[in-house]
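**Student:** Below you'll find input.cif; it's mmCIF, C-alpha atoms.
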data_model
loop_
_atom_site.label_atom_id
_atom_site.label_comp_id
_atom_site.auth_asym_id
_atom_site.auth_seq_id
_atom_site.Cartn_x
_atom_site.Cartn_y
_atom_site.Cartn_z
CA MET A 1 -116.54 65.97 216.25
CA SER A 2 -113.27 67.56 217.39
CA ASP A 3 -110.39 68.30 214.99
CA ARG A 4 -108.45 65.49 216.67
CA ASP A 5 -111.27 63.00 216.11
CA ASP A 6 -111.52 64.11 212.50
CA ARG A 7 -107.82 63.34 212.01
CA LEU A 8 -108.25 59.91 213.59
CA GLU A 9 -111.29 58.92 211.51
CA LYS A 10 -110.66 55.82 209.39
CA THR A 11 -112.87 54.55 206.58
CA PHE A 12 -113.07 50.90 205.54
CA ALA A 13 -114.36 49.94 202.12
CA ALA A 14 -117.62 48.00 201.94
CA LEU A 15 -117.10 44.30 202.54
CA PRO A 16 -118.41 41.75 200.05
CA PRO A 17 -121.51 39.66 200.83
CA ALA A 18 -120.90 36.79 203.24
CA PRO A 19 -123.42 34.02 202.51
CA GLY A 20 -123.31 31.05 204.83
CA ARG A 21 -120.47 32.20 207.13
CA GLY A 22 -120.23 33.44 210.69
CA PHE A 23 -119.55 37.11 211.35
CA ALA A 24 -116.86 36.64 213.99
CA THR A 25 -114.06 34.15 214.46
CA THR A 26 -112.09 35.84 217.26
CA TRP A 27 -113.18 35.91 220.88
CA TRP A 28 -113.32 39.72 220.89
CA GLY A 29 -115.44 39.71 217.73
CA HIS A 30 -117.90 37.38 219.47
CA ALA A 31 -117.89 39.63 222.55
CA TRP A 32 -118.84 42.58 220.32
CA LEU A 33 -121.78 40.67 218.83
CA ARG A 34 -122.93 39.51 222.27
CA ALA A 35 -123.14 43.16 223.31
CA LEU A 36 -125.52 43.73 220.36
CA GLU A 37 -127.59 40.55 220.69
CA ASP A 38 -127.97 40.79 224.47
CA SER A 39 -128.99 44.47 224.32
CA ALA A 40 -131.53 44.52 221.48
CA LEU A 41 -135.15 44.28 222.59
CA ASP A 42 -136.41 42.89 219.29
CA GLY A 43 -134.62 39.74 218.22
CA GLU A 44 -136.29 39.79 214.79
CA GLN A 45 -134.74 43.20 214.05
CA VAL A 46 -131.32 41.77 214.88
CA ARG A 47 -131.86 38.72 212.68
CA GLN A 48 -132.96 40.94 209.81
CA GLY A 49 -129.86 43.07 210.31
CA ARG A 50 -127.72 39.94 210.11
CA ARG A 51 -129.38 39.09 206.80
CA TYR A 52 -128.72 42.65 205.55
CA ALA A 53 -125.03 42.38 206.47
CA ARG A 54 -124.77 38.93 204.92
CA ALA A 55 -126.26 40.26 201.67
CA GLY A 56 -123.74 43.12 201.46
CA ALA A 57 -126.20 45.94 202.22
CA VAL A 58 -123.70 47.84 204.41
CA GLY A 59 -121.61 50.44 202.62
CA ALA A 60 -118.22 51.83 203.57
CA VAL A 61 -117.79 51.98 207.37
CA SER A 62 -116.34 55.09 209.00
CA VAL A 63 -114.72 54.49 212.40
CA ARG A 64 -113.81 57.36 214.75
CA PRO A 65 -113.38 57.85 218.49
CA GLY A 66 -116.78 57.23 220.00
CA GLY A 67 -118.70 56.03 216.98
CA LEU A 68 -119.31 54.21 213.71
CA THR A 69 -121.15 55.44 210.61
CA ALA A 70 -122.29 53.70 207.44
CA VAL A 71 -125.05 53.82 204.86
CA VAL A 72 -127.24 50.71 204.99
CA ARG A 73 -129.72 49.96 202.22
CA ASP A 74 -133.10 48.24 202.54
CA ARG A 75 -134.06 45.49 200.10
CA ASP A 76 -135.86 48.11 197.97
CA GLY A 77 -132.66 50.21 197.77
CA THR A 78 -133.68 52.90 200.29
CA ALA A 79 -130.51 54.26 201.94
CA HIS A 80 -130.30 55.04 205.67
CA ARG A 81 -127.60 56.97 207.51
CA THR A 82 -126.76 54.69 210.45
CA ASP A 83 -124.60 55.37 213.51
CA VAL A 84 -123.56 53.31 216.53
CA LEU A 85 -121.97 55.23 219.40
CA VAL A 86 -119.50 53.78 221.91
CA GLN A 87 -118.24 55.41 225.10
CA GLU A 88 -114.67 56.72 224.80
CA PHE A 89 -112.15 56.07 227.58
CA THR A 90 -111.15 58.87 229.90
CA GLU A 91 -107.50 59.87 230.24
CA GLY A 92 -107.37 57.96 233.53
CA GLN A 93 -108.73 54.80 231.90
CA TRP A 94 -106.23 55.06 229.04
CA ASP A 95 -103.41 55.53 231.54
CA ARG A 96 -104.37 52.32 233.38
CA LEU A 97 -104.87 50.31 230.18
CA LEU A 98 -101.58 51.40 228.59
CA GLY A 99 -99.73 50.80 231.84
CA LEU A 100 -101.00 47.21 231.87
CA ALA A 101 -100.15 46.66 228.18
CA ALA A 102 -96.63 48.11 228.47
CA ALA A 103 -95.82 45.96 231.50
CA GLU A 104 -96.07 42.71 229.47
CA SER A 105 -94.10 42.29 226.26
CA GLY A 106 -96.55 39.58 225.20
CA TYR A 107 -99.44 42.04 225.34
CA ILE A 108 -97.60 44.49 223.07
CA ALA A 109 -96.69 41.73 220.60
CA ALA A 110 -100.31 40.57 220.43
CA LEU A 111 -101.63 44.10 219.88
CA LEU A 112 -99.10 44.67 217.10
CA ASP A 113 -100.40 41.45 215.54
CA ARG A 114 -103.85 43.08 215.72
CA GLU A 115 -105.09 40.71 218.39
CA VAL A 116 -106.61 41.30 221.83
CA PRO A 117 -104.99 39.05 224.46
CA PRO A 118 -107.75 37.74 226.76
CA GLU A 119 -105.43 38.21 229.74
CA LEU A 120 -105.11 41.93 228.95
CA ALA A 121 -108.91 42.27 228.83
CA GLU A 122 -109.17 40.47 232.19
CA ASP A 123 -106.46 42.62 233.79
CA ALA A 124 -108.11 45.77 232.42
CA THR A 125 -111.50 44.75 233.84
CA ALA A 126 -109.88 44.19 237.23
CA ALA A 127 -108.45 47.72 236.95
CA GLY A 128 -111.89 49.19 236.17
CA VAL A 129 -111.48 49.50 232.40
CA GLU A 130 -113.97 47.49 230.30
CA LEU A 131 -112.11 47.12 227.02
CA LEU A 132 -114.97 45.30 225.29
CA PRO A 133 -118.53 46.67 225.21
CA GLY A 134 -121.20 45.02 227.33
CA ILE A 135 -125.00 45.12 227.49
CA GLY A 136 -126.27 48.58 226.58
CA ASP A 137 -122.85 49.95 225.55
CA LEU A 138 -123.68 50.06 221.81
CA ASP A 139 -125.90 53.15 221.36
CA PRO A 140 -127.84 52.94 218.04
CA ARG A 141 -128.85 55.98 215.93
CA CYS A 142 -130.63 55.66 212.57
CA ASP A 143 -132.69 57.99 210.39
CA CYS A 144 -135.32 55.25 209.96
CA GLY A 145 -136.83 56.45 213.23
CA GLU A 146 -136.35 53.36 215.45
CA TRP A 147 -135.21 54.18 218.99
CA ASP A 148 -133.77 50.73 219.70
CA HIS A 149 -131.51 48.64 217.46
CA CYS A 150 -133.12 48.47 214.03
CA PRO A 151 -132.04 46.20 211.14
CA HIS A 152 -129.70 48.95 209.90
CA THR A 153 -127.75 49.45 213.15
CA ALA A 154 -127.67 45.68 213.69
CA ALA A 155 -126.28 45.18 210.16
CA LEU A 156 -123.59 47.78 210.87
CA CYS A 157 -122.60 45.98 214.09
CA TYR A 158 -122.39 42.63 212.31
CA GLN A 159 -120.18 44.11 209.61
CA VAL A 160 -117.92 45.75 212.19
CA ALA A 161 -117.43 42.33 213.85
CA ARG A 162 -115.71 41.26 210.63
CA LEU A 163 -113.49 44.37 210.77
CA LEU A 164 -112.61 43.64 214.41
CA ASP A 165 -111.57 40.10 213.45
CA GLN A 166 -109.06 41.57 211.03
CA ASP A 167 -107.78 44.44 213.17
CA ALA A 168 -108.22 44.87 216.94
CA PHE A 169 -107.06 48.50 216.61
CA VAL A 170 -110.58 49.25 215.32
CA LEU A 171 -111.84 48.64 218.86
CA LEU A 172 -109.12 50.85 220.36
CA LEU A 173 -109.91 53.62 217.85
CA LEU A 174 -113.55 53.51 218.95
CA ARG A 175 -112.34 53.94 222.53
CA GLY A 176 -110.45 57.09 221.54
CA ARG A 177 -106.88 56.38 220.38
CA GLY A 178 -105.47 55.77 216.90
CA GLU A 179 -102.95 53.09 216.02
CA ARG A 180 -99.93 55.36 215.54
CA GLU A 181 -100.60 57.21 218.78
CA LEU A 182 -100.98 53.95 220.71
CA VAL A 183 -97.85 52.34 219.28
CA ASP A 184 -95.75 55.43 220.06
CA GLU A 185 -97.01 55.61 223.64
CA LEU A 186 -96.50 51.88 224.24
CA GLU A 187 -92.92 52.14 222.96
CA GLU A 188 -92.31 55.16 225.18
CA ARG A 189 -93.70 53.42 228.27
CA SER A 190 -91.83 50.18 227.54
CA THR A 191 -88.53 52.07 227.20
CA ALA A 192 -89.15 53.96 230.42
CA GLU A 193 -89.87 50.74 232.32
CA ALA A 194 -86.95 48.76 230.87
CA PRO A 195 -84.12 48.06 233.37
CA ALA A 196 -80.91 50.06 232.98
CA PRO A 197 -78.29 48.22 230.91
CA GLN A 198 -75.58 46.56 232.98
CA GLU A 199 -71.92 46.57 232.20
CA ALA A 200 -71.17 43.84 229.73
CA VAL A 201 -69.34 40.82 231.12
CA PRO A 202 -67.16 38.96 228.62
CA LEU A 203 -68.40 35.40 228.08
CA GLY A 204 -66.77 32.47 226.33
CA VAL A 205 -63.67 32.67 224.16
CA ALA A 206 -62.74 34.51 220.99
CA ALA A 207 -64.10 33.02 217.78
CA ALA A 208 -60.61 32.50 216.32
CA GLU A 209 -59.57 30.51 219.39
CA ALA A 210 -62.71 28.36 219.21
CA TYR A 211 -62.17 27.61 215.51
CA ALA A 212 -58.50 26.75 216.13
CA ALA A 213 -59.48 24.29 218.85
CA TRP A 214 -62.03 22.71 216.51
CA GLU A 215 -59.46 22.28 213.74
CA ALA A 216 -57.00 20.69 216.17
CA ARG A 217 -59.47 18.14 217.56
CA PRO A 218 -58.55 14.47 217.13
CA ALA A 219 -60.42 12.58 214.44
CA ARG A 220 -63.37 10.61 215.69
CA PRO A 221 -64.72 7.45 214.12
CA PRO A 222 -68.14 7.72 212.49
CA LEU A 223 -71.16 6.58 214.41
CA PRO A 224 -72.30 3.02 213.63
CA ALA A 225 -75.34 2.55 211.45
CA PRO A 226 -78.62 2.16 213.35
CA PRO A 227 -79.84 -1.40 213.80
CA ALA A 228 -82.32 -2.84 211.35
CA LEU A 229 -85.87 -3.18 212.56
CA PRO A 230 -86.80 -6.85 213.21
CA ASP A 231 -89.81 -8.19 211.38
CA ALA A 232 -91.71 -8.61 214.64
CA PRO A 233 -91.17 -8.31 218.42
CA GLY A 234 -89.08 -11.05 220.01
CA GLN A 235 -90.61 -13.90 221.97
CA PRO A 236 -89.64 -14.07 225.66
CA PRO A 237 -88.73 -17.49 227.10
CA THR A 238 -91.50 -19.58 228.58
CA LEU A 239 -91.74 -19.75 232.35
CA ASP A 240 -93.85 -22.92 232.39
CA THR A 241 -91.94 -25.41 234.59
CA GLU A 242 -92.80 -28.40 236.73
CA ALA A 243 -91.65 -26.65 239.89
CA GLU A 244 -94.22 -24.99 242.14
CA PRO A 245 -94.26 -21.34 240.96
CA GLN A 246 -93.67 -18.57 243.50
CA LEU A 247 -95.31 -15.99 241.26
CA ASP A 248 -98.09 -15.59 238.71
CA VAL A 249 -96.39 -17.11 235.67
CA ASP A 250 -99.08 -16.09 233.20
CA ALA A 251 -98.92 -12.47 234.35
CA VAL A 252 -95.13 -12.32 234.16
CA GLU A 253 -95.09 -13.89 230.69
CA PHE A 254 -97.66 -11.33 229.58
CA LEU A 255 -95.56 -8.43 230.94
CA ALA A 256 -92.46 -9.77 229.19
CA GLN A 257 -94.30 -10.06 225.87
CA ALA A 258 -95.82 -6.59 226.30
CA ALA A 259 -92.38 -5.12 227.03
CA ALA A 260 -90.94 -6.75 223.90
CA SER A 261 -93.80 -5.38 221.78
CA GLN A 262 -93.40 -1.87 223.22
CA ALA A 263 -89.62 -1.97 222.63
CA TRP A 264 -90.25 -2.98 219.01
CA ARG A 265 -92.70 -0.07 218.53
CA LEU A 266 -90.27 2.44 220.08
CA LEU A 267 -87.46 1.21 217.83
CA ALA A 268 -89.71 1.55 214.77
CA GLN A 269 -90.49 5.15 215.77
CA ALA A 270 -86.79 5.93 216.35
CA LEU A 271 -85.87 4.64 212.87
CA ALA A 272 -88.64 6.60 211.15
CA PRO A 273 -87.55 9.61 209.02
CA GLY A 274 -87.49 12.88 210.93
CA HIS A 275 -87.61 11.26 214.37
CA ALA A 276 -84.53 13.17 215.54
CA ASP A 277 -86.24 16.50 214.78
CA ARG A 278 -89.36 15.78 216.85
CA ALA A 279 -89.68 16.45 220.56
CA LEU A 280 -89.90 13.43 222.80
CA PRO A 281 -93.44 12.76 224.05
CA ALA A 282 -94.11 12.82 227.76
CA PRO A 283 -93.79 9.35 229.32
CA PRO A 284 -97.12 7.73 230.23
CA THR A 285 -98.32 7.77 233.80
CA ALA A 286 -98.80 4.50 235.67
CA ALA A 287 -102.57 4.79 235.16
CA GLU A 288 -102.14 5.38 231.41
CA ASP A 289 -99.69 2.48 231.06
CA ALA A 290 -102.13 0.18 232.84
CA VAL A 291 -104.77 1.02 230.22
CA ARG A 292 -102.25 0.37 227.42
CA LEU A 293 -101.38 -3.00 228.93
CA THR A 294 -105.04 -3.89 229.41
CA ALA A 295 -105.68 -3.21 225.73
CA GLU A 296 -103.05 -5.87 224.90
CA ALA A 297 -104.01 -8.42 227.54
CA GLY A 298 -106.15 -11.38 226.57
CA ASP A 299 -106.23 -13.03 229.99
CA VAL A 300 -109.31 -11.96 231.97
CA ARG A 301 -107.42 -12.31 235.27
CA VAL A 302 -104.65 -9.99 234.08
CA ARG A 303 -107.17 -7.42 232.90
CA ALA A 304 -108.98 -7.57 236.24
CA ARG A 305 -105.74 -7.09 238.19
CA LEU A 306 -104.74 -4.08 236.06
CA ALA A 307 -108.16 -2.50 236.58
CA ALA A 308 -107.98 -3.01 240.34
CA ALA A 309 -104.45 -1.60 240.49
CA THR A 310 -105.68 1.70 238.99
CA GLY A 311 -108.87 1.94 241.06
CA ARG A 312 -111.18 1.18 238.13
CA ASN A 313 -113.94 -1.37 237.98
CA ARG A 314 -114.40 -3.62 234.95
CA ALA A 315 -116.84 -1.30 233.15
CA GLU A 316 -114.63 1.75 233.74
CA MET A 317 -111.59 -0.09 232.40
CA GLU A 318 -113.53 -1.17 229.29
CA LEU A 319 -114.34 2.48 228.58
CA ALA A 320 -110.72 3.47 229.20
CA VAL A 321 -109.46 0.80 226.76
CA LEU A 322 -111.99 1.94 224.15
CA ALA A 323 -110.86 5.55 224.53
CA TRP A 324 -107.19 4.52 224.37
CA GLY A 325 -107.78 2.87 221.02
CA PHE A 326 -109.12 6.14 219.60
CA GLY A 327 -106.25 8.36 220.65
CA GLY A 328 -103.97 7.15 223.46
CA SER A 329 -103.39 9.43 226.43
CA GLY A 330 -105.28 12.37 224.87
CA ALA A 331 -108.42 10.29 224.42
CA LEU A 332 -108.08 8.86 227.94
CA ALA A 333 -107.82 12.39 229.38
CA ALA A 334 -111.00 13.41 227.51
CA LEU A 335 -112.78 10.45 229.13
CA GLU A 336 -111.63 10.96 232.71
CA ASP A 337 -110.48 14.59 233.04
CA ASP A 338 -113.63 16.64 233.72
CA TRP A 339 -111.87 20.02 233.61
CA THR A 340 -113.10 23.61 233.38
CA PRO A 341 -111.58 25.77 230.59
CA ASP A 342 -110.21 29.16 231.57
CA ARG A 343 -111.55 32.30 229.91
CA ALA A 344 -109.07 32.18 227.03
CA ALA A 345 -109.72 28.50 226.24
CA LEU A 346 -113.47 29.03 226.56
CA ALA A 347 -113.36 32.03 224.20
CA LEU A 348 -111.51 29.95 221.58
CA ALA A 349 -114.01 27.12 222.02
CA ARG A 350 -116.97 29.47 221.54
CA ALA A 351 -115.36 30.90 218.41
CA ALA A 352 -114.82 27.38 217.03
CA LEU A 353 -118.43 26.41 217.75
CA ALA A 354 -119.80 29.63 216.25
CA GLY A 355 -117.78 29.24 213.06
CA ALA A 356 -118.34 25.52 212.59
CA TRP A 357 -121.87 25.69 211.20
CA ALA A 358 -123.77 28.06 208.93
CA ASP A 359 -126.70 30.01 210.41
CA GLY A 360 -129.48 27.68 211.49
CA ALA A 361 -127.43 24.50 211.09
CA ALA A 362 -125.76 24.42 214.50
CA PRO A 363 -127.13 21.80 216.93
CA GLU A 364 -128.47 22.81 220.35
CA LEU A 365 -125.51 22.16 222.66
CA ARG A 366 -125.55 22.70 226.43
CA ARG A 367 -122.15 23.19 228.08
CA VAL A 368 -121.06 21.87 231.46
CA ARG A 369 -117.37 22.61 232.03
CA ALA A 370 -115.55 21.26 228.94
CA ARG A 371 -118.43 19.12 227.66
CA TRP A 372 -121.09 20.22 225.16
CA THR A 373 -124.13 17.93 225.09
CA GLU A 374 -126.90 17.55 222.50
CA ALA A 375 -129.23 15.81 224.94
CA ASP A 376 -132.10 14.96 222.56
CA ALA A 377 -129.73 13.23 220.12
CA GLY A 378 -127.61 11.51 222.77
CA ARG A 379 -124.45 13.12 221.44
CA GLN A 380 -121.66 14.96 223.21
CA LEU A 381 -118.48 16.83 222.38
CA ARG A 382 -115.58 17.01 224.82
CA LEU A 383 -112.83 19.61 224.51
CA GLY A 384 -109.37 18.31 225.40
CA ARG A 385 -106.74 20.47 227.02
CA GLU A 386 -104.77 20.24 223.77
CA GLY A 387 -107.61 22.03 221.94
CA ARG A 388 -109.05 19.05 220.04
CA TRP A 389 -112.66 17.85 220.11
CA TRP A 390 -113.65 14.29 221.05
CA PRO A 391 -117.04 12.75 220.10
CA TYR A 392 -119.14 10.76 222.59
CA ARG A 393 -122.40 8.84 222.27
CA ARG A 394 -124.96 7.95 224.95
CA GLU A 395 -125.28 4.17 225.29
CA ALA A 396 -127.02 2.23 228.05
CA GLY A 397 -127.08 5.26 230.32
CA ARG A 398 -123.41 6.21 230.00
CA TRP A 399 -121.28 8.34 227.69
CA VAL A 400 -119.07 6.21 225.45
CA PRO A 401 -116.08 7.35 223.29
CA ALA A 402 -117.24 7.26 219.67
CA GLY A 403 -114.22 8.14 217.54
CA PRO A 404 -110.87 9.90 217.24
CA SER A 405 -110.48 13.61 217.91
CA ALA A 406 -110.90 16.38 215.33
CA PRO A 407 -109.54 19.95 215.21
CA ASP A 408 -113.05 21.45 215.01
CA PRO A 409 -116.39 20.56 216.61
CA ALA A 410 -118.31 19.99 213.38
CA SER A 411 -115.84 17.35 212.16
CA ALA A 412 -115.93 15.59 215.52
CA LEU A 413 -119.73 15.54 215.54
CA THR A 414 -119.73 14.03 212.04
CA ALA A 415 -118.28 10.83 213.57
CA LEU A 416 -121.59 10.46 215.43
CA ASP A 417 -123.81 10.72 212.34
CA PRO A 418 -125.42 7.47 211.14
CA GLU A 419 -123.53 5.84 208.29
CA ASP A 420 -124.90 6.28 204.80
CA PRO A 421 -126.26 2.87 203.70
CA ALA A 422 -125.19 3.67 200.17
#
The structure in this file should be written as structure tokens.
**Tutor:**
Amino acid sequence: MSDRDDRLEKTFAALPPAPGRGFATTWWGHAWLRALEDSALDGEQVRQGRRYARAGAVGAVSVRPGGLTAVVRDRDGTAHRTDVLVQEFTEGQWDRLLGLAAAESGYIAALLDREVPPELAEDATAAGVELLPGIGDLDPRCDCGEWDHCPHTAALCYQVARLLDQDAFVLLLLRGRGERELVDELEERSTAEAPAPQEAVPLGVAAAEAYAAWEARPARPPLPAPPALPDAPGQPPTLDTEAEPQLDVDAVEFLAQAAASQAWRLLAQALAPGHADRALPAPPTAAEDAVRLTAEAGDVRVRARLAAATGRNRAEMELAVLAWGFGGSGALAALEDDWTPDRAALALARAALAGAWADGAAPELRRVRARWTEADAGRQLRLGREGRWWPYRREAGRWVPAGPSAPDPASALTALDPEDPA
């Protein structure tokens, strides 16, 4: 080890046992563990290492450019000196990586928050710099004599995943640069790339002048009190006459009643405490509003016309109405928007799935785009673009919305469990 590496070496105290929890919650922590699990030839050795780490058998972890070291103890107390080596970046690779990071203020902010932006990792890969280790990049060394990953090196890797969750600079230190050195160089590069300051242009008026104008303003009457909320929506007039109608009277009466009900709901929301501080929701699309109206329509003919107007058949509209009842436009999007998450959204989804269940309790889920299916149980989870999980159940050969959304996959899947008869 060089004198420089010796100065950069950082030691982390032994972490407490971690029964029943996952070892990584961030996408880069999961990427680190995939490099271990995809490289090891003996899966049982890796599983035993995970049990060692979970039981607290890994001592203090020393991190330095190019490697990790810790003492890992067997169940009988035998101590083993364990190392995992990682390839350091060359000066050229560091130059490309730091150039990318300094070019985006968001990248610097994320790094200072001890996070790895997925976009930075993608840009670095495109520039020929693999920030995260891949298959075969974690080189194990242990005095137990194993040439591949043994339980001791696997335990060290699992423990380091927890350190990476807390501080992404651990990964950058392994690649060859310490935190202080990186921060200084990023600040230097950012300053060098910042545009030259332009001559200031006076804007607005002097504060004293603005205050004087405010004091001299004419008095204005107070705003009137908001109207009281009626007990119920108003009833539109009937259109039933003896004259030959030139339009569908039943449909028009339904639209009038639906408009009155919607106006009543909007007024109730506007009068609710804190309404003025909340952002206005996006207005519904024509297709979404047709589903809302169908949910309120009792006339079969009206429901059929609304379905036809949106290009849905009767069965499709029934599913749309069911979804709408569970969560409005978000639930409808989960039903009909078969989207593909980008790398960042997929990394967050994988982290949520990995952390949702203890070891051995997670169901077997197969992913296609943004849908995770447990085929044998007829259950499915759908990830919405807003980051929430929607439960679905297989019924009569089709996937049917089964409940409202949840912030995590385990809670959403609970909606699909059979009810306790007690």
**Student:** I'd like the neighbourhood of Trp372 in chain A as a ChimeraX atom specification, where a residue qualifies if any of its atoms comes within 12 Å (using all atoms listed in the file), though same-chain residues fewer than 2 positions away should be ignored.
**Tutor:** /A:338,340,346,349-350,353,363-370,374-375,378-384,389-393,409,412-413
**Student:** May I ask for the distance between CA of Glu296 in chain A and CA of Leu271 in chain A, given in Å to one decimal place?
**Tutor:**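 Distance between the two atoms: 23.5 Å.
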**Student:** Could you jot down the CA of Thr82 in chain A to CA of Arg64 in chain A separation for me, Å, one decimal place?
**Tutor:**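 Distance reported for this atom pair: 13.9 Å.
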**Student:** For a quick check of understanding, using only C-alpha atoms, which of A:Ala155, A:Leu100, A:Leu266, A:Val116 has the smallest distance to Phe169 in chain A?
**Tutor:**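 The answer is A:Val116, which sits nearest to Phe169 in chain A.
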**Student:** So which residues get picked by the PyMOL selection byres ((chain A and resi 225-228) around 10) here, written as a PyMOL selection string?
**Tutor:** chain A and resi 222-224+229-231+267-268+270-271
**Student:** Scan for residues within 12 Å of the point (-129.5, 39.3, 212.3) in the coordinates of the file, using only C-alpha atoms, and reply as a PyMOL selection string.
**Tutor:** chain A and resi 22-23+33-34+36-37+40+42-55+149-159+359-360
**Student:** Quick check, in Å to one decimal: how far apart do CA of Gln235 in chain A and CA of Gln257 in chain A lie?
**Tutor:**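 Atom-to-atom, CA of Gln235 in chain A to CA of Gln257 in chain A, that is 6.6 Å.
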**Student:** For a quick check of understanding, using all atoms listed in the file, which of A:Gly397, A:Gly311, A:Pro65, A:Gly77 has the smallest distance to Glu9 in chain A?
**Tutor:**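 The answer is A:Pro65, which sits nearest to Glu9 in chain A.
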**Student:** Name the residues that the PyMOL selection byres ((chain A and resi 25-31) around 7) picks from the file above, as a PyMOL selection string, using the file's chain letters and numbers.
**Tutor:** chain A and resi 23-24+32-35+116+132+161+164-165+347-348+351+355
**Student:** Identify all residues satisfying the PyMOL selection byres ((chain A and resi 319-329) around 12) in the given file; provide them as a PyMOL selection string.
**Tutor:** chain A and resi 281-297+303+306-307+310+312-318+330-337+384-386+388-392+395+398-406+415
**Student:** Nearest to Ala127 in chain A: which of A:Gly99, A:Gly145, A:Pro140, A:Pro19 is it, counting all atoms listed in the file?
**Tutor:** A:Gly99
**Student:** Would you please work out which residue, of A:Leu173, A:Ala206, A:Ala345, A:Ala256, is nearest to Gly66 in chain A when using only C-alpha atoms?
**Tutor:**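 Under the stated criterion, the closest residue is A:Leu173.
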**Student:** Smallest atom-to-atom distance to Gly176 in chain A: which of A:Phe12, A:Trp357, A:Tyr211, A:Phe89, using only C-alpha atoms?
**Tutor:**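 Among A:Phe12, A:Trp357, A:Tyr211, A:Phe89, it is A:Phe89 that comes nearest to Gly176 in chain A.
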**Student:** Axis-aligned box over every listed atom of range 331-339 of chain A, padded by 4 Å per side: centre and edges in Å to one decimal, as AutoDock Vina command-line options?
**Tutor:**
--center_x -110.7 --center_y 14.4 --center_z 229.1 --size_x 13.8 --size_y 19.2 --size_z 17.3
